[in-house]
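Source file: entry_14.cif (mmCIF, N, CA and C atoms)
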```cif
data_my_file
#
loop_
_atom_site.label_atom_id
_atom_site.label_comp_id
_atom_site.auth_asym_id
_atom_site.auth_seq_id
_atom_site.Cartn_x
_atom_site.Cartn_y
_atom_site.Cartn_z
N MET A 188 3.55 -6.82 4.64
CA MET A 188 2.81 -6.22 5.74
C MET A 188 3.79 -5.44 6.61
N LYS A 189 3.40 -4.23 6.99
CA LYS A 189 4.22 -3.44 7.90
C LYS A 189 3.34 -2.87 9.01
N ILE A 190 3.96 -2.72 10.18
CA ILE A 190 3.29 -2.13 11.33
C ILE A 190 4.02 -0.83 11.66
N GLU A 191 3.26 0.26 11.72
CA GLU A 191 3.84 1.56 12.01
C GLU A 191 3.04 2.24 13.12
N ILE A 192 3.73 3.02 13.93
CA ILE A 192 3.07 3.85 14.94
C ILE A 192 3.44 5.28 14.62
N LYS A 193 2.42 6.12 14.44
CA LYS A 193 2.63 7.51 14.05
C LYS A 193 1.80 8.44 14.92
N THR A 194 2.30 9.65 15.08
CA THR A 194 1.48 10.70 15.69
C THR A 194 0.52 11.20 14.62
N PHE A 195 -0.46 11.96 15.04
CA PHE A 195 -1.42 12.54 14.11
C PHE A 195 -0.71 13.37 13.04
N GLN A 196 0.29 14.16 13.47
CA GLN A 196 1.01 15.03 12.56
C GLN A 196 1.84 14.24 11.54
N GLN A 197 2.22 13.02 11.87
CA GLN A 197 3.02 12.20 10.96
C GLN A 197 2.18 11.47 9.91
N LEU A 198 0.88 11.41 10.11
CA LEU A 198 0.02 10.72 9.16
C LEU A 198 -0.09 11.53 7.87
N SER A 199 -0.03 10.85 6.74
CA SER A 199 -0.31 11.52 5.47
C SER A 199 -1.82 11.71 5.36
N LEU A 200 -2.22 12.58 4.46
CA LEU A 200 -3.65 12.77 4.25
C LEU A 200 -4.31 11.47 3.79
N ASP A 201 -3.63 10.72 2.92
CA ASP A 201 -4.18 9.44 2.46
C ASP A 201 -4.32 8.45 3.61
N GLU A 202 -3.33 8.39 4.50
CA GLU A 202 -3.42 7.48 5.65
C GLU A 202 -4.58 7.88 6.56
N LEU A 203 -4.71 9.18 6.83
CA LEU A 203 -5.80 9.66 7.67
C LEU A 203 -7.15 9.32 7.04
N TYR A 204 -7.28 9.51 5.75
CA TYR A 204 -8.53 9.18 5.07
C TYR A 204 -8.83 7.68 5.21
N ARG A 205 -7.83 6.81 4.98
CA ARG A 205 -8.05 5.36 5.08
C ARG A 205 -8.44 4.97 6.51
N ILE A 206 -7.82 5.59 7.50
CA ILE A 206 -8.17 5.31 8.89
C ILE A 206 -9.63 5.67 9.16
N LEU A 207 -10.00 6.89 8.84
CA LEU A 207 -11.36 7.35 9.12
C LEU A 207 -12.39 6.56 8.33
N LYS A 208 -12.10 6.25 7.08
CA LYS A 208 -13.03 5.46 6.27
C LYS A 208 -13.20 4.07 6.86
N THR A 209 -12.11 3.44 7.28
CA THR A 209 -12.19 2.10 7.87
C THR A 209 -13.00 2.13 9.15
N ARG A 210 -12.74 3.11 10.02
CA ARG A 210 -13.49 3.19 11.27
C ARG A 210 -14.98 3.39 11.01
N VAL A 211 -15.32 4.26 10.09
CA VAL A 211 -16.73 4.49 9.78
C VAL A 211 -17.34 3.25 9.14
N ASP A 212 -16.63 2.64 8.18
CA ASP A 212 -17.16 1.44 7.52
C ASP A 212 -17.49 0.33 8.51
N VAL A 213 -16.63 0.12 9.51
CA VAL A 213 -16.84 -0.98 10.46
C VAL A 213 -17.74 -0.56 11.61
N PHE A 214 -17.39 0.52 12.31
CA PHE A 214 -18.13 0.86 13.52
C PHE A 214 -19.49 1.49 13.25
N VAL A 215 -19.59 2.32 12.25
CA VAL A 215 -20.85 3.01 11.99
C VAL A 215 -21.74 2.20 11.05
N VAL A 216 -21.19 1.74 9.92
CA VAL A 216 -22.00 1.06 8.91
C VAL A 216 -22.20 -0.42 9.27
N GLU A 217 -21.10 -1.19 9.38
CA GLU A 217 -21.22 -2.63 9.63
C GLU A 217 -21.92 -2.92 10.96
N GLN A 218 -21.54 -2.20 12.02
CA GLN A 218 -22.14 -2.45 13.33
C GLN A 218 -23.39 -1.62 13.57
N ASN A 219 -23.77 -0.83 12.59
CA ASN A 219 -25.00 -0.05 12.63
C ASN A 219 -25.10 0.82 13.89
N CYS A 220 -24.04 1.58 14.16
CA CYS A 220 -23.98 2.46 15.33
C CYS A 220 -23.81 3.90 14.89
N ALA A 221 -24.82 4.68 15.12
CA ALA A 221 -24.72 6.12 14.84
C ALA A 221 -24.13 6.79 16.08
N TYR A 222 -22.88 7.20 15.98
CA TYR A 222 -22.21 7.85 17.11
C TYR A 222 -21.17 8.81 16.55
N PRO A 223 -20.68 9.75 17.36
CA PRO A 223 -19.69 10.72 16.88
C PRO A 223 -18.30 10.09 16.75
N GLU A 224 -17.98 9.59 15.58
CA GLU A 224 -16.69 8.94 15.33
C GLU A 224 -15.52 9.90 15.54
N LEU A 225 -15.68 11.14 15.15
CA LEU A 225 -14.64 12.14 15.34
C LEU A 225 -14.85 12.78 16.71
N ASP A 226 -13.97 12.42 17.66
CA ASP A 226 -14.18 12.77 19.06
C ASP A 226 -13.08 13.63 19.67
N ASN A 227 -12.25 14.23 18.86
CA ASN A 227 -11.15 15.09 19.31
C ASN A 227 -10.06 14.36 20.09
N GLN A 228 -9.98 13.04 19.99
CA GLN A 228 -8.89 12.28 20.61
C GLN A 228 -7.75 12.02 19.61
N ASP A 229 -8.06 12.01 18.33
CA ASP A 229 -7.08 11.63 17.32
C ASP A 229 -5.86 12.55 17.28
N GLN A 230 -6.06 13.84 17.50
CA GLN A 230 -4.97 14.79 17.35
C GLN A 230 -3.83 14.55 18.34
N GLU A 231 -4.12 14.01 19.50
CA GLU A 231 -3.10 13.76 20.53
C GLU A 231 -2.73 12.29 20.65
N ALA A 232 -3.30 11.46 19.80
CA ALA A 232 -3.10 10.01 19.88
C ALA A 232 -1.91 9.55 19.06
N HIS A 233 -1.47 8.34 19.38
CA HIS A 233 -0.57 7.59 18.50
C HIS A 233 -1.46 6.63 17.71
N HIS A 234 -1.16 6.49 16.44
CA HIS A 234 -1.98 5.68 15.55
C HIS A 234 -1.14 4.50 15.08
N LEU A 235 -1.63 3.31 15.34
CA LEU A 235 -0.93 2.09 14.94
C LEU A 235 -1.63 1.53 13.71
N LEU A 236 -0.87 1.44 12.63
CA LEU A 236 -1.42 1.00 11.35
C LEU A 236 -0.73 -0.28 10.90
N VAL A 237 -1.51 -1.24 10.47
CA VAL A 237 -1.00 -2.43 9.81
C VAL A 237 -1.43 -2.29 8.35
N SER A 238 -0.46 -2.21 7.46
CA SER A 238 -0.81 -1.95 6.07
C SER A 238 0.01 -2.79 5.11
N ASP A 239 -0.47 -2.84 3.90
CA ASP A 239 0.20 -3.58 2.84
C ASP A 239 -0.17 -2.91 1.51
N ASP A 240 0.81 -2.37 0.85
CA ASP A 240 0.58 -1.75 -0.47
C ASP A 240 -0.59 -0.77 -0.46
N GLU A 241 -0.51 0.21 0.42
CA GLU A 241 -1.52 1.28 0.47
C GLU A 241 -2.89 0.82 0.99
N LYS A 242 -3.00 -0.39 1.50
CA LYS A 242 -4.27 -0.87 2.06
C LYS A 242 -4.13 -0.95 3.57
N LEU A 243 -5.10 -0.41 4.28
CA LEU A 243 -5.12 -0.50 5.73
C LEU A 243 -5.75 -1.83 6.11
N MET A 244 -4.96 -2.68 6.77
CA MET A 244 -5.41 -4.03 7.11
C MET A 244 -5.91 -4.13 8.55
N SER A 245 -5.41 -3.26 9.42
CA SER A 245 -5.81 -3.27 10.81
C SER A 245 -5.34 -1.95 11.42
N TYR A 246 -6.02 -1.51 12.49
CA TYR A 246 -5.73 -0.20 13.04
C TYR A 246 -6.16 -0.14 14.51
N LEU A 247 -5.46 0.65 15.29
CA LEU A 247 -5.90 1.07 16.62
C LEU A 247 -5.26 2.39 16.94
N ARG A 248 -5.79 3.04 17.96
CA ARG A 248 -5.17 4.28 18.42
C ARG A 248 -4.88 4.16 19.91
N ILE A 249 -3.85 4.86 20.32
CA ILE A 249 -3.45 4.94 21.72
C ILE A 249 -3.55 6.41 22.11
N TYR A 250 -4.31 6.69 23.14
CA TYR A 250 -4.42 8.08 23.59
C TYR A 250 -4.25 8.11 25.10
N TYR A 251 -4.17 9.31 25.64
CA TYR A 251 -3.74 9.48 27.02
C TYR A 251 -4.74 10.35 27.78
N PRO A 252 -5.82 9.75 28.31
CA PRO A 252 -6.84 10.53 28.99
C PRO A 252 -6.39 11.10 30.34
N GLU A 253 -5.37 10.50 30.93
CA GLU A 253 -4.81 10.97 32.20
C GLU A 253 -3.30 10.83 32.13
N ASN A 254 -2.58 11.54 33.00
CA ASN A 254 -1.12 11.55 32.95
C ASN A 254 -0.49 10.17 33.04
N SER A 255 -0.98 9.31 33.90
CA SER A 255 -0.35 8.00 34.09
C SER A 255 -1.16 6.86 33.50
N ARG A 256 -2.10 7.19 32.63
CA ARG A 256 -2.96 6.17 32.04
C ARG A 256 -3.02 6.33 30.52
N ALA A 257 -2.86 5.22 29.85
CA ALA A 257 -3.04 5.20 28.39
C ALA A 257 -4.31 4.44 28.09
N ALA A 258 -4.90 4.73 26.98
CA ALA A 258 -6.10 4.02 26.55
C ALA A 258 -5.89 3.52 25.12
N ILE A 259 -6.36 2.33 24.87
CA ILE A 259 -6.34 1.76 23.52
C ILE A 259 -7.78 1.75 23.02
N GLY A 260 -7.98 2.25 21.83
CA GLY A 260 -9.33 2.31 21.30
C GLY A 260 -9.37 2.22 19.80
N ARG A 261 -10.59 2.17 19.28
CA ARG A 261 -10.84 2.09 17.85
C ARG A 261 -10.08 0.93 17.21
N VAL A 262 -10.02 -0.18 17.92
CA VAL A 262 -9.35 -1.38 17.40
C VAL A 262 -10.23 -1.95 16.30
N VAL A 263 -9.68 -2.02 15.09
CA VAL A 263 -10.52 -2.40 13.96
C VAL A 263 -9.70 -3.15 12.90
N THR A 264 -10.31 -4.19 12.39
CA THR A 264 -9.77 -4.93 11.25
C THR A 264 -10.92 -5.11 10.26
N PRO A 265 -10.78 -4.57 9.05
CA PRO A 265 -11.85 -4.75 8.06
C PRO A 265 -12.11 -6.23 7.79
N GLU A 266 -13.33 -6.53 7.42
CA GLU A 266 -13.78 -7.92 7.26
C GLU A 266 -12.85 -8.75 6.37
N GLU A 267 -12.35 -8.19 5.29
CA GLU A 267 -11.53 -8.98 4.36
C GLU A 267 -10.17 -9.38 4.93
N TYR A 268 -9.77 -8.79 6.08
CA TYR A 268 -8.48 -9.14 6.69
C TYR A 268 -8.63 -9.89 8.01
N ARG A 269 -9.84 -10.16 8.43
CA ARG A 269 -10.05 -10.86 9.70
C ARG A 269 -9.61 -12.31 9.60
N GLY A 270 -9.24 -12.89 10.74
CA GLY A 270 -8.85 -14.29 10.79
C GLY A 270 -7.41 -14.55 10.39
N GLN A 271 -6.60 -13.50 10.24
CA GLN A 271 -5.20 -13.65 9.85
C GLN A 271 -4.23 -13.35 10.99
N GLY A 272 -4.76 -13.08 12.19
CA GLY A 272 -3.90 -12.78 13.33
C GLY A 272 -3.37 -11.36 13.35
N LEU A 273 -3.90 -10.49 12.51
CA LEU A 273 -3.41 -9.12 12.44
C LEU A 273 -3.70 -8.34 13.72
N SER A 274 -4.88 -8.53 14.29
CA SER A 274 -5.23 -7.81 15.52
C SER A 274 -4.30 -8.21 16.67
N ARG A 275 -3.94 -9.48 16.74
CA ARG A 275 -3.02 -9.94 17.79
C ARG A 275 -1.65 -9.29 17.63
N LYS A 276 -1.13 -9.29 16.41
CA LYS A 276 0.17 -8.65 16.16
C LYS A 276 0.11 -7.17 16.49
N MET A 277 -1.00 -6.55 16.13
CA MET A 277 -1.17 -5.13 16.39
C MET A 277 -1.23 -4.83 17.89
N MET A 278 -1.99 -5.61 18.65
CA MET A 278 -2.07 -5.43 20.10
C MET A 278 -0.70 -5.65 20.74
N GLU A 279 0.03 -6.67 20.30
CA GLU A 279 1.37 -6.91 20.84
C GLU A 279 2.28 -5.72 20.59
N ALA A 280 2.20 -5.13 19.40
CA ALA A 280 3.01 -3.96 19.08
C ALA A 280 2.61 -2.75 19.94
N ALA A 281 1.32 -2.58 20.16
CA ALA A 281 0.84 -1.46 20.98
C ALA A 281 1.31 -1.61 22.42
N LEU A 282 1.22 -2.81 22.97
CA LEU A 282 1.64 -3.04 24.35
C LEU A 282 3.15 -2.89 24.50
N GLU A 283 3.90 -3.34 23.51
CA GLU A 283 5.35 -3.16 23.54
C GLU A 283 5.70 -1.66 23.50
N PHE A 284 5.01 -0.91 22.67
CA PHE A 284 5.20 0.54 22.59
C PHE A 284 4.93 1.18 23.95
N LEU A 285 3.86 0.78 24.62
CA LEU A 285 3.50 1.38 25.90
C LEU A 285 4.43 0.94 27.04
N GLU A 286 4.98 -0.26 26.95
CA GLU A 286 5.90 -0.72 27.99
C GLU A 286 7.12 0.18 28.08
N ASP A 287 7.50 0.79 26.98
CA ASP A 287 8.65 1.70 26.97
C ASP A 287 8.34 3.06 27.58
N LYS A 288 7.12 3.31 27.90
CA LYS A 288 6.72 4.59 28.48
C LYS A 288 6.54 4.41 29.99
N SER A 289 7.60 4.66 30.72
CA SER A 289 7.60 4.36 32.16
C SER A 289 6.60 5.20 32.95
N ALA A 290 6.15 6.32 32.41
CA ALA A 290 5.18 7.15 33.13
C ALA A 290 3.77 6.56 33.08
N ILE A 291 3.55 5.61 32.20
CA ILE A 291 2.22 4.99 32.06
C ILE A 291 2.09 3.86 33.06
N GLY A 292 1.19 4.00 34.02
CA GLY A 292 1.00 2.99 35.04
C GLY A 292 0.00 1.92 34.68
N GLU A 293 -1.02 2.31 33.90
CA GLU A 293 -2.00 1.32 33.49
C GLU A 293 -2.55 1.67 32.11
N ILE A 294 -3.07 0.63 31.49
CA ILE A 294 -3.62 0.74 30.14
C ILE A 294 -5.09 0.34 30.22
N TYR A 295 -5.93 1.15 29.66
CA TYR A 295 -7.38 1.00 29.76
C TYR A 295 -7.96 0.76 28.36
N LEU A 296 -9.01 -0.02 28.30
CA LEU A 296 -9.77 -0.13 27.06
C LEU A 296 -11.21 -0.47 27.36
N GLN A 297 -12.08 -0.10 26.43
CA GLN A 297 -13.49 -0.48 26.47
C GLN A 297 -13.64 -1.59 25.44
N ALA A 298 -13.98 -2.76 25.90
CA ALA A 298 -14.06 -3.92 25.00
C ALA A 298 -15.51 -4.31 24.76
N GLN A 299 -15.79 -4.71 23.53
CA GLN A 299 -17.07 -5.35 23.31
C GLN A 299 -17.05 -6.65 24.11
N LYS A 300 -18.13 -6.94 24.81
CA LYS A 300 -18.18 -8.05 25.76
C LYS A 300 -17.68 -9.36 25.16
N TYR A 301 -18.01 -9.63 23.92
CA TYR A 301 -17.61 -10.91 23.33
C TYR A 301 -16.09 -11.03 23.16
N LEU A 302 -15.37 -9.92 23.30
CA LEU A 302 -13.91 -9.93 23.17
C LEU A 302 -13.18 -9.95 24.51
N GLU A 303 -13.91 -10.16 25.60
CA GLU A 303 -13.30 -10.15 26.93
C GLU A 303 -12.15 -11.16 27.04
N LYS A 304 -12.35 -12.39 26.62
CA LYS A 304 -11.30 -13.41 26.71
C LYS A 304 -10.11 -13.07 25.83
N TYR A 305 -10.37 -12.50 24.67
CA TYR A 305 -9.29 -12.09 23.77
C TYR A 305 -8.38 -11.08 24.47
N TYR A 306 -8.96 -10.02 25.04
CA TYR A 306 -8.14 -9.01 25.72
C TYR A 306 -7.53 -9.55 27.01
N ALA A 307 -8.21 -10.46 27.67
CA ALA A 307 -7.64 -11.09 28.87
C ALA A 307 -6.37 -11.85 28.51
N SER A 308 -6.27 -12.37 27.30
CA SER A 308 -5.06 -13.09 26.88
C SER A 308 -3.84 -12.18 26.82
N PHE A 309 -4.05 -10.86 26.84
CA PHE A 309 -2.94 -9.89 26.88
C PHE A 309 -2.71 -9.37 28.30
N GLY A 310 -3.46 -9.89 29.27
CA GLY A 310 -3.29 -9.46 30.65
C GLY A 310 -4.29 -8.41 31.12
N PHE A 311 -5.27 -8.07 30.31
CA PHE A 311 -6.30 -7.12 30.73
C PHE A 311 -7.28 -7.82 31.66
N LYS A 312 -7.73 -7.08 32.67
CA LYS A 312 -8.69 -7.61 33.63
C LYS A 312 -9.96 -6.74 33.59
N LYS A 313 -11.08 -7.40 33.73
CA LYS A 313 -12.38 -6.72 33.74
C LYS A 313 -12.42 -5.73 34.90
N SER A 314 -12.87 -4.50 34.63
CA SER A 314 -12.93 -3.48 35.69
C SER A 314 -14.30 -2.81 35.78
N SER A 315 -15.29 -3.37 35.10
CA SER A 315 -16.64 -2.83 35.19
C SER A 315 -17.63 -3.95 34.94
N GLU A 316 -18.87 -3.65 35.24
CA GLU A 316 -19.95 -4.55 34.85
C GLU A 316 -20.24 -4.31 33.37
N VAL A 317 -21.00 -5.19 32.78
CA VAL A 317 -21.39 -5.03 31.38
C VAL A 317 -22.33 -3.84 31.26
N TYR A 318 -22.11 -3.03 30.24
CA TYR A 318 -22.98 -1.89 29.96
C TYR A 318 -23.17 -1.78 28.45
N LEU A 319 -24.24 -1.10 28.06
CA LEU A 319 -24.50 -0.91 26.63
C LEU A 319 -23.86 0.38 26.16
N GLU A 320 -23.11 0.28 25.08
CA GLU A 320 -22.56 1.45 24.40
C GLU A 320 -23.03 1.35 22.96
N ASP A 321 -23.84 2.30 22.55
CA ASP A 321 -24.42 2.29 21.20
C ASP A 321 -25.15 0.98 20.91
N GLY A 322 -25.81 0.43 21.93
CA GLY A 322 -26.59 -0.78 21.77
C GLY A 322 -25.79 -2.07 21.76
N ILE A 323 -24.47 -1.99 22.03
CA ILE A 323 -23.60 -3.17 22.02
C ILE A 323 -23.05 -3.37 23.43
N PRO A 324 -23.14 -4.61 23.99
CA PRO A 324 -22.60 -4.85 25.33
C PRO A 324 -21.07 -4.65 25.36
N HIS A 325 -20.62 -3.85 26.32
CA HIS A 325 -19.21 -3.55 26.52
C HIS A 325 -18.81 -3.79 27.97
N ILE A 326 -17.52 -3.90 28.20
CA ILE A 326 -16.95 -3.88 29.55
C ILE A 326 -15.67 -3.05 29.51
N ASP A 327 -15.33 -2.45 30.63
CA ASP A 327 -14.05 -1.77 30.77
C ASP A 327 -13.02 -2.78 31.24
N MET A 328 -11.80 -2.62 30.75
CA MET A 328 -10.72 -3.52 31.14
C MET A 328 -9.45 -2.71 31.37
N ILE A 329 -8.62 -3.18 32.32
CA ILE A 329 -7.38 -2.49 32.69
C ILE A 329 -6.25 -3.49 32.75
N LYS A 330 -5.08 -3.02 32.35
CA LYS A 330 -3.85 -3.81 32.44
C LYS A 330 -2.79 -2.93 33.07
N SER A 331 -2.08 -3.46 34.06
CA SER A 331 -0.97 -2.72 34.63
C SER A 331 0.20 -2.74 33.65
N ASN A 332 0.86 -1.61 33.52
CA ASN A 332 2.03 -1.55 32.65
C ASN A 332 3.16 -2.33 33.34
N THR A 333 3.71 -3.29 32.67
CA THR A 333 4.65 -4.24 33.30
C THR A 333 5.93 -3.61 33.78
N LEU A 334 6.31 -2.45 33.27
CA LEU A 334 7.56 -1.82 33.71
C LEU A 334 7.35 -0.88 34.89
N LYS A 335 6.14 -0.69 35.35
CA LYS A 335 5.88 0.22 36.47
C LYS A 335 6.20 -0.46 37.78
#
```
As structure tokens, what does this structure read like?
Amino acid sequence: MKIEIKTFQQLSLDELYRILKTRVDVFVVEQNCAYPELDNQDQEAHHLLVSDDEKLMSYLRIYYPENSRAAIGRVVTPEEYRGQGLSRKMMEAALEFLEDKSAIGEIYLQAQKYLEKYYASFGFKKSSEVYLEDGIPHIDMIKSNTLK
């Protein structure tokens, strides 16, 4: 298993295909959400991939909607790799990556409501009321960057 963080330009075509297929398989098909998966954030994002022998085991992206704010999104682990702690390792790697970016004051994410305690275990705090996104209860969460 390896964890890599790449810019959009560093991704191979095969890696990009595996990322997009995984996101569509889980978010659109498994969760039955018809939404615009391709949202023009990927080109400026950092992509964190957990892979093993050409298989994408877990993924997230980090993008920058504002100068001093980073956002973590599209956190996904395909069903066959769930329950192995991959998402935790991936989140730890993402937060470590962001801690080195002193210009980032806070980290934002939109969490499915049932994952609130999971993200709180990384220091994220609820910053909104529950709302529906594509028919699924979500909350916004924020974490201060520890080096700020």
**Report entry** DSSP-assigned alpha helix (DSSP H) members of chain A, reported as a ChimeraX atom specification
**Finding:** /A:200-210,273-286,303-307
Query raised in the report: Mind telling me what the PyMOL selection byres (((chain A and resi 307 and name CA) around 12) and name CA) catches here, as a list in words?
Result: Met278, Leu296, Ala298, Lys300, Tyr301, Leu302, Glu303, Lys304, Tyr305, Tyr306, Ser308, Phe309, Gly310, Phe311, Lys312, Lys313, Ser314, Ile326, Asp327, Met328, Ile329 and Lys330 of chain A
Saved selection, atoms kept: N, CA and C atoms, as a CSV table (one decimal), in the frame of the given file:
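result07.csv written:
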```csv
chain,number,residue,atom,x,y,z
A,278,MET,N,-2.0,-5.6,18.6
A,278,MET,CA,-2.1,-5.4,20.1
A,278,MET,C,-0.7,-5.6,20.7
A,296,LEU,N,-9.0,0.0,28.3
A,296,LEU,CA,-9.8,-0.1,27.1
A,296,LEU,C,-11.2,-0.5,27.4
A,298,ALA,N,-14.0,-2.8,25.9
A,298,ALA,CA,-14.1,-3.9,25.0
A,298,ALA,C,-15.5,-4.3,24.8
A,300,LYS,N,-18.1,-6.9,24.8
A,300,LYS,CA,-18.2,-8.0,25.8
A,300,LYS,C,-17.7,-9.4,25.2
A,301,TYR,N,-18.0,-9.6,23.9
A,301,TYR,CA,-17.6,-10.9,23.3
A,301,TYR,C,-16.1,-11.0,23.2
A,302,LEU,N,-15.4,-9.9,23.3
A,302,LEU,CA,-13.9,-9.9,23.2
A,302,LEU,C,-13.2,-10.0,24.5
A,303,GLU,N,-13.9,-10.2,25.6
A,303,GLU,CA,-13.3,-10.2,26.9
A,303,GLU,C,-12.2,-11.2,27.0
A,304,LYS,N,-12.4,-12.4,26.6
A,304,LYS,CA,-11.3,-13.4,26.7
A,304,LYS,C,-10.1,-13.1,25.8
A,305,TYR,N,-10.4,-12.5,24.7
A,305,TYR,CA,-9.3,-12.1,23.8
A,305,TYR,C,-8.4,-11.1,24.5
A,306,TYR,N,-9.0,-10.0,25.0
A,306,TYR,CA,-8.1,-9.0,25.7
A,306,TYR,C,-7.5,-9.6,27.0
A,308,SER,N,-6.3,-12.4,27.3
A,308,SER,CA,-5.1,-13.1,26.9
A,308,SER,C,-3.8,-12.2,26.8
A,309,PHE,N,-4.0,-10.9,26.8
A,309,PHE,CA,-2.9,-9.9,26.9
A,309,PHE,C,-2.7,-9.4,28.3
A,310,GLY,N,-3.5,-9.9,29.3
A,310,GLY,CA,-3.3,-9.5,30.6
A,310,GLY,C,-4.3,-8.4,31.1
A,311,PHE,N,-5.3,-8.1,30.3
A,311,PHE,CA,-6.3,-7.1,30.7
A,311,PHE,C,-7.3,-7.8,31.7
A,312,LYS,N,-7.7,-7.1,32.7
A,312,LYS,CA,-8.7,-7.6,33.6
A,312,LYS,C,-10.0,-6.7,33.6
A,313,LYS,N,-11.1,-7.4,33.7
A,313,LYS,CA,-12.4,-6.7,33.7
A,313,LYS,C,-12.4,-5.7,34.9
A,314,SER,N,-12.9,-4.5,34.6
A,314,SER,CA,-12.9,-3.5,35.7
A,314,SER,C,-14.3,-2.8,35.8
A,326,ILE,N,-17.5,-3.9,28.2
A,326,ILE,CA,-17.0,-3.9,29.6
A,326,ILE,C,-15.7,-3.0,29.5
A,327,ASP,N,-15.3,-2.4,30.6
A,327,ASP,CA,-14.0,-1.8,30.8
A,327,ASP,C,-13.0,-2.8,31.2
A,328,MET,N,-11.8,-2.6,30.8
A,328,MET,CA,-10.7,-3.5,31.1
A,328,MET,C,-9.4,-2.7,31.4
A,329,ILE,N,-8.6,-3.2,32.3
A,329,ILE,CA,-7.4,-2.5,32.7
A,329,ILE,C,-6.2,-3.5,32.8
A,330,LYS,N,-5.1,-3.0,32.4
A,330,LYS,CA,-3.8,-3.8,32.4
A,330,LYS,C,-2.8,-2.9,33.1
```
Query raised in the report: Using only N, CA and C atoms, which of the listed residues (A:Ala257, A:Val317, A:Leu235, A:Val263) sits closest to Ile291 (chain A)?
Result: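 Ranked by minimum distance to Ile291 (chain A), first place goes to A:Ala257.
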Report task. Going by DSSP on the backbone, which bits of region 299-333 of chain A are strand (DSSP E or B)? Write them as a list in words, please. Result -> Gln299, Lys312, Lys313, Tyr318, Leu319, Glu320, Ile323, Pro324, His325, Ile326, Asp327, Met328, Ile329, Lys330 and Ser331 of chain A
Query raised in the report: Do you know which residues the PyMOL selection byres (((chain A and resi 229 and name CA) around 9) and name CA) returns on this file, as an MDAnalysis selection string?
Result: chainID A and resid 194:195 225:228 230:234 248:250
Query raised in the report: Which residue gives the smallest distance to Glu241 (chain A) among A:Pro265, A:Ser255, A:Arg205, A:Met277, with all atoms listed in the file counted?
Result: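 Ranked by minimum distance to Glu241 (chain A), first place goes to A:Arg205.
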Query raised in the report: For Gln218 (chain A), which of A:Glu202, A:Asp321, A:Glu267, A:Glu286 is the closest residue, counting all atoms listed in the file?
Result: A:Asp321
